[in-house]
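Below is one structure, written out as structure tokens, with a few remarks after it.
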Amino acid sequence: RRHTRSYLKSRGLGDVYKRQFLTVAAAGFSGCVVQERNPEGQAPRVARDGSSALRFRPDGSFKIVQFTDTQDDHEIDPRTARLMETVLDDQEPDLVVFTGDNIRGGPTTPEEAKRAMDAIVRPVEERRIPWLIAFGNHDEDQTPATGMDEDAMLAYYRSFPRNVNRPGPAGVHGTGNMYVLIEASTGNGPRFAVWALDSGRYSPEEFAGQSIEGDGLPGWDVIRQSQVAWYFRTSEELEAEHGGKIPGLMFFHIPLREFHFMWENRQNHAVVGEKNEPVSSGPFNSGLFAAMLERGDVRGVFVGHDHVNDFSGDYFGIRLGYSANTGYG
């Protein structure tokens with residue numbers, strides 16, 4: 001149930017598409033710039049103390065860079081580190097989001113697993129940029145050898161000064177489901193939200209006695225109902241607390257099936273970028289996209305997982321976007 005991957009032998013910074021966000025083709029990152037409503041006054045550009053008090057810049061903008069599928073071990077490929085450093089120095093983001101498959105199965109001890117995690121966050125920590133991670137299907141490949149499961153990895157990531165992850169809510173499937181709010185440039189309340197979900201690893205082998213593999217269906221996991229319910233409930237609570245819906249972006253690893261639907265009808269959805277392998281979503285649609293449509297607050301969903309896809313588009317008012325993989329390993 002693993003992908004047969006086609007890897008690029010060489011990559012460089014590709015064309016930059018300027019829409020409501022930036023996409024760099026084949027460079028292994030995507031970025032977006034969101035705009036605060038009615039920006040005014042002067043305030044620090046962004047909190048740099050490792051707290052969750054993210055803030056819009058005085059000009060009302062806030063830049064996010066996404067890295068995905070760094071997927072290396074305790075001996076990180078130096079090209080991956082150089083790529084991340086180059087992107088960070090060029091873009092100067094206010095927040096970095098890692099969307100899963102952050103490390104792979106190479107480490108054999110807890111110390112080696114920590115070295116692998118150290119290597120991918122070092123470029124961000126050195127630049128004092130707030131960051132968060134979501135998990136992918138390969139992050140626990142090293143767990144049988146090291147004992148470092150997602151809970152242990154999340155605790156280690158949270159020990160870094162610039163990390164803004166939170167423990168996941170009780171009773172919700174996955175590890176580290178969370179949101180963080182971006183404050184107005186004036187400090188007068190939140191203006192935007194960044195959501196991160198754990199999209200899981202692999203689906204159960206059967207449902208209701210019917211085999212996934214027997215039908216030739218993809219064996220990837222899906223966002224579970226408890227996560228959808230948590231997002232919906234939390235979105236309503238934020239609206240009630242702050243007197244209106246808080247717009248936001250959502251990040252996770254495995255794409256929704258809507259990414260496939262959007263590509264198949266790309267002439268209708270202003271799709272840009274490339275599709276170089278199948279959209280590897282789970283075997284069914286578990287309802288997250290419908291929930292986001294009903295709530296009307298999430299403006300975009302950004303994923304990884306499929307290493308050589310980098311397309312994005314506007315799918316019924318929600319921007320769906322891939323980042324190509326960051327890791328050269």
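Identifiers in the structure tokens: chain A, B, ... in order shown; residue index from 1 per chain; ligand index from 1 in order shown.
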For this session: List every residue of range 81-177 of chain A that DSSP, applied to the backbone of this structure, assigns to strand (DSSP E or B), and report them as a list in words.
Result: Leu95, Val96, Val97, Phe98, Thr99, Ile103, Trp131, Leu132, Ile133, Ala134 and Asn163 of chain A
Save out the residues we just selected, N, CA and C atoms, as a short mmCIF file (atom, residue, chain, number, x, y, z; two decimals), in the first residue's frame.
```cif
data_model
loop_
_atom_site.label_atom_id
_atom_site.label_comp_id
_atom_site.auth_asym_id
_atom_site.auth_seq_id
_atom_site.Cartn_x
_atom_site.Cartn_y
_atom_site.Cartn_z
N LEU A 95 5.33 32.86 9.36
CA LEU A 95 5.02 31.54 9.91
C LEU A 95 5.44 30.49 8.89
N VAL A 96 5.98 29.37 9.38
CA VAL A 96 6.32 28.23 8.53
C VAL A 96 5.48 27.04 8.99
N VAL A 97 4.88 26.33 8.03
CA VAL A 97 4.08 25.14 8.33
C VAL A 97 4.71 23.95 7.62
N PHE A 98 5.06 22.91 8.39
CA PHE A 98 5.53 21.64 7.85
C PHE A 98 4.34 20.69 7.77
N THR A 99 4.03 20.19 6.57
CA THR A 99 2.80 19.39 6.41
C THR A 99 3.08 17.90 6.24
N ILE A 103 10.06 13.37 8.77
CA ILE A 103 11.20 12.48 8.80
C ILE A 103 10.76 11.12 8.26
N TRP A 131 6.80 28.48 13.89
CA TRP A 131 6.54 27.36 12.99
C TRP A 131 5.68 26.33 13.71
N LEU A 132 5.03 25.50 12.89
CA LEU A 132 4.26 24.38 13.42
C LEU A 132 4.35 23.21 12.46
N ILE A 133 4.01 22.04 12.94
CA ILE A 133 4.05 20.84 12.10
C ILE A 133 2.71 20.11 12.16
N ALA A 134 2.42 19.40 11.06
CA ALA A 134 1.38 18.37 11.05
C ALA A 134 2.07 17.07 10.67
N ASN A 163 8.37 27.08 18.24
CA ASN A 163 7.25 26.22 17.85
C ASN A 163 5.96 26.71 18.49
#
```
Problem set entry | Thr143 in chain A surroundings by only C-alpha atoms, 12 Å radius, close-in-sequence under 2 positions cut, as a PyMOL selection string | chain A and resi 103-110+112-114+137-141+145-153
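Here CA of Gly296 in chain A and CA of Lys245 in chain A stand 8.0 Å from one another.
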Go through range 194-230 of chain A residue by residue and, counting only C-alpha atoms, keep those with an atom at most 6 Å from range 263-286 of chain A; for each kept residue give the shortest atom pair and its distance in Å to one decimal, ordered by chain and increasing number, as JSON lines.
```
{"residue": "A:Leu217", "atom": "CA", "partner": "A:Pro283", "partner_atom": "CA", "distance": 5.6}
{"residue": "A:Pro218", "atom": "CA", "partner": "A:Pro283", "partner_atom": "CA", "distance": 5.4}
{"residue": "A:Trp220", "atom": "CA", "partner": "A:Gly282", "partner_atom": "CA", "distance": 4.6}
{"residue": "A:Asp221", "atom": "CA", "partner": "A:Gly282", "partner_atom": "CA", "distance": 5.1}
{"residue": "A:Val222", "atom": "CA", "partner": "A:Gly282", "partner_atom": "CA", "distance": 5.2}
```
Can you list every residue of range 159-237 of chain A that has an atom at most 6 Å from range 247-255 of chain A, with its nearest atom pair and the distance in Å to one decimal, using only C-alpha atoms, ordered by chain then number, as CSV?
```
residue,atom,partner,partner_atom,distance
A:Phe192,CA,A:Gly248,CA,5.2
A:Ala193,CA,A:Gly248,CA,4.3
A:Val194,CA,A:Leu249,CA,5.1
A:Trp195,CA,A:Met250,CA,4.5
A:Ala196,CA,A:Phe251,CA,4.9
A:Leu197,CA,A:Phe252,CA,5.3
A:Ser199,CA,A:Ile254,CA,5.8
```
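Remark: for Gly329 in chain A, the closest of the candidate residues A:Arg257, A:Glu75, A:Phe289, A:Arg158 is A:Glu75 (distances computed over only C-alpha atoms).
Comparing the minimum interatomic distances between Gly300 in chain A and each of A:Pro204, A:Gly321, A:Leu288, A:Asp77, counting only C-alpha atoms, we find that A:Gly321 sits nearest.
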Problem set entry | alpha helix (DSSP H) call set, DSSP backbone run, range 93-279 of chain A, as a count of residues only | 56
